[in-house]
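Have a look at the structure below, then the notes.
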Amino acid sequence: MIKRLANTAGLPSAALEDWGKVAEPIGAPVAQLRGMSPTEKDKEPDFGIWECSPGKWNRQIRKAEFAHFISGRATFHASSGQVIEINAGDALYFPAESLGVWEIHETVRKTYILLP
């Protein structure tokens with residue numbers, strides 16, 4: 001069955017689920033996560049909307065990920081030393097095991113898919 005997330009850019013933050021604070025914050029402020037995922041766990045790749053308030057933390061996702069950034073501004077400091085400046089409209093592919101540090105400068109919203 002084809003699944004759809006409608007109006008990902010215009011959906012108010014209050015319509016997203018509260019996913020709590022990031023697991024491994026670095027300093028203050030501690031970033032807050034919100035999101036929405038229509039996938040049935042363990043049956044298909046996880047995809048959805050992810051939103052994050054300003055803050056800095058260690059990335060824990062170990063799966064490959066494709067993401068399209070809808071709004072906001074961030075920097076990703078990859079463990080490899082690569083530094084990626086991210087702005088609204090950018091699309092990124094993170095290979096599996098792409099660890100590093102997220103630094104959110106302005107609340108970011110992205111659509112994503114985690115790949116097996």
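So you can find residues: chains in the structure tokens are A, B, ... in the order shown, residues in each start at 1, and ligands are numbered from 1 in order.
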
Hey, what's within 7 Å of A:Asp46 if we count only C-alpha atoms and toss same-chain stuff fewer than 3 positions away? As a PyMOL selection string, please?
chain A and resi 39+113-114

Using only C-alpha atoms, determine which residues lie at most 8 Å from A:Glu24, disregarding the query and same-chain residues fewer than 6 positions distant; provide the list as JSON, numbers by chain.
{"A": [57, 58, 59]}

At a cut-off of 10 Å, using only C-alpha atoms, what residues contact A:Ile84? Leave out same-chain residues fewer than 5 positions from it and give the result as an mmCIF file with N, CA, C and O atoms, in the first residue's frame.
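Here's the written file result.cif:
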data_model
loop_
_atom_site.group_PDB
_atom_site.id
_atom_site.type_symbol
_atom_site.label_atom_id
_atom_site.label_comp_id
_atom_site.auth_asym_id
_atom_site.auth_seq_id
_atom_site.Cartn_x
_atom_site.Cartn_y
_atom_site.Cartn_z
ATOM 1 N N ALA A 74 21.071 23.994 9.850
ATOM 2 C CA ALA A 74 21.849 23.134 10.745
ATOM 3 C C ALA A 74 23.238 22.893 10.169
ATOM 4 O O ALA A 74 23.505 23.185 9.001
ATOM 5 N N THR A 75 24.100 22.338 11.005
ATOM 6 C CA THR A 75 25.415 21.866 10.574
ATOM 7 C C THR A 75 25.562 20.444 11.072
ATOM 8 O O THR A 75 25.219 20.158 12.223
ATOM 9 N N PHE A 76 26.061 19.563 10.190
ATOM 10 C CA PHE A 76 26.378 18.197 10.625
ATOM 11 C C PHE A 76 27.886 18.045 10.572
ATOM 12 O O PHE A 76 28.513 18.272 9.535
ATOM 13 N N HIS A 77 28.466 17.684 11.729
ATOM 14 C CA HIS A 77 29.900 17.462 11.853
ATOM 15 C C HIS A 77 30.123 15.950 11.854
ATOM 16 O O HIS A 77 29.962 15.292 12.894
ATOM 17 N N ALA A 78 30.457 15.388 10.693
ATOM 18 C CA ALA A 78 30.644 13.940 10.577
ATOM 19 C C ALA A 78 31.905 13.506 11.315
ATOM 20 O O ALA A 78 32.898 14.242 11.368
ATOM 21 N N LEU A 92 19.971 15.212 1.566
ATOM 22 C CA LEU A 92 21.210 14.542 1.951
ATOM 23 C C LEU A 92 21.005 13.037 2.017
ATOM 24 O O LEU A 92 19.907 12.567 2.362
ATOM 25 N N TRP A 102 25.151 16.646 15.414
ATOM 26 C CA TRP A 102 24.174 17.577 14.858
ATOM 27 C C TRP A 102 24.280 18.874 15.625
ATOM 28 O O TRP A 102 24.361 18.881 16.857
#

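The nearest approach to A:Pro38 among the residues A:Ile61, A:Ala6, A:Ala23, A:Ala14, with only C-alpha atoms taken into account, belongs to A:Ala6.
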
I'd like the neighbourhood of A:Asn87 as JSON, numbers by chain, where a residue qualifies if any of its atoms comes within 10 Å (using only C-alpha atoms), though same-chain residues fewer than 6 positions away should be ignored.
{"A": [68, 69, 70, 71, 72, 73, 74, 75, 106, 108]}

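Atom CA of A:Glu65 sits 12.4 Å away from atom CA of A:Trp50.
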
Need the shell around A:Gln60: protein/DNA/RNA residues with any atom at most 10 Å away, counting only C-alpha atoms. Skip same-chain ones fewer than 5 positions apart. Format as a PyMOL selection string?
chain A and resi 22-24+97-101
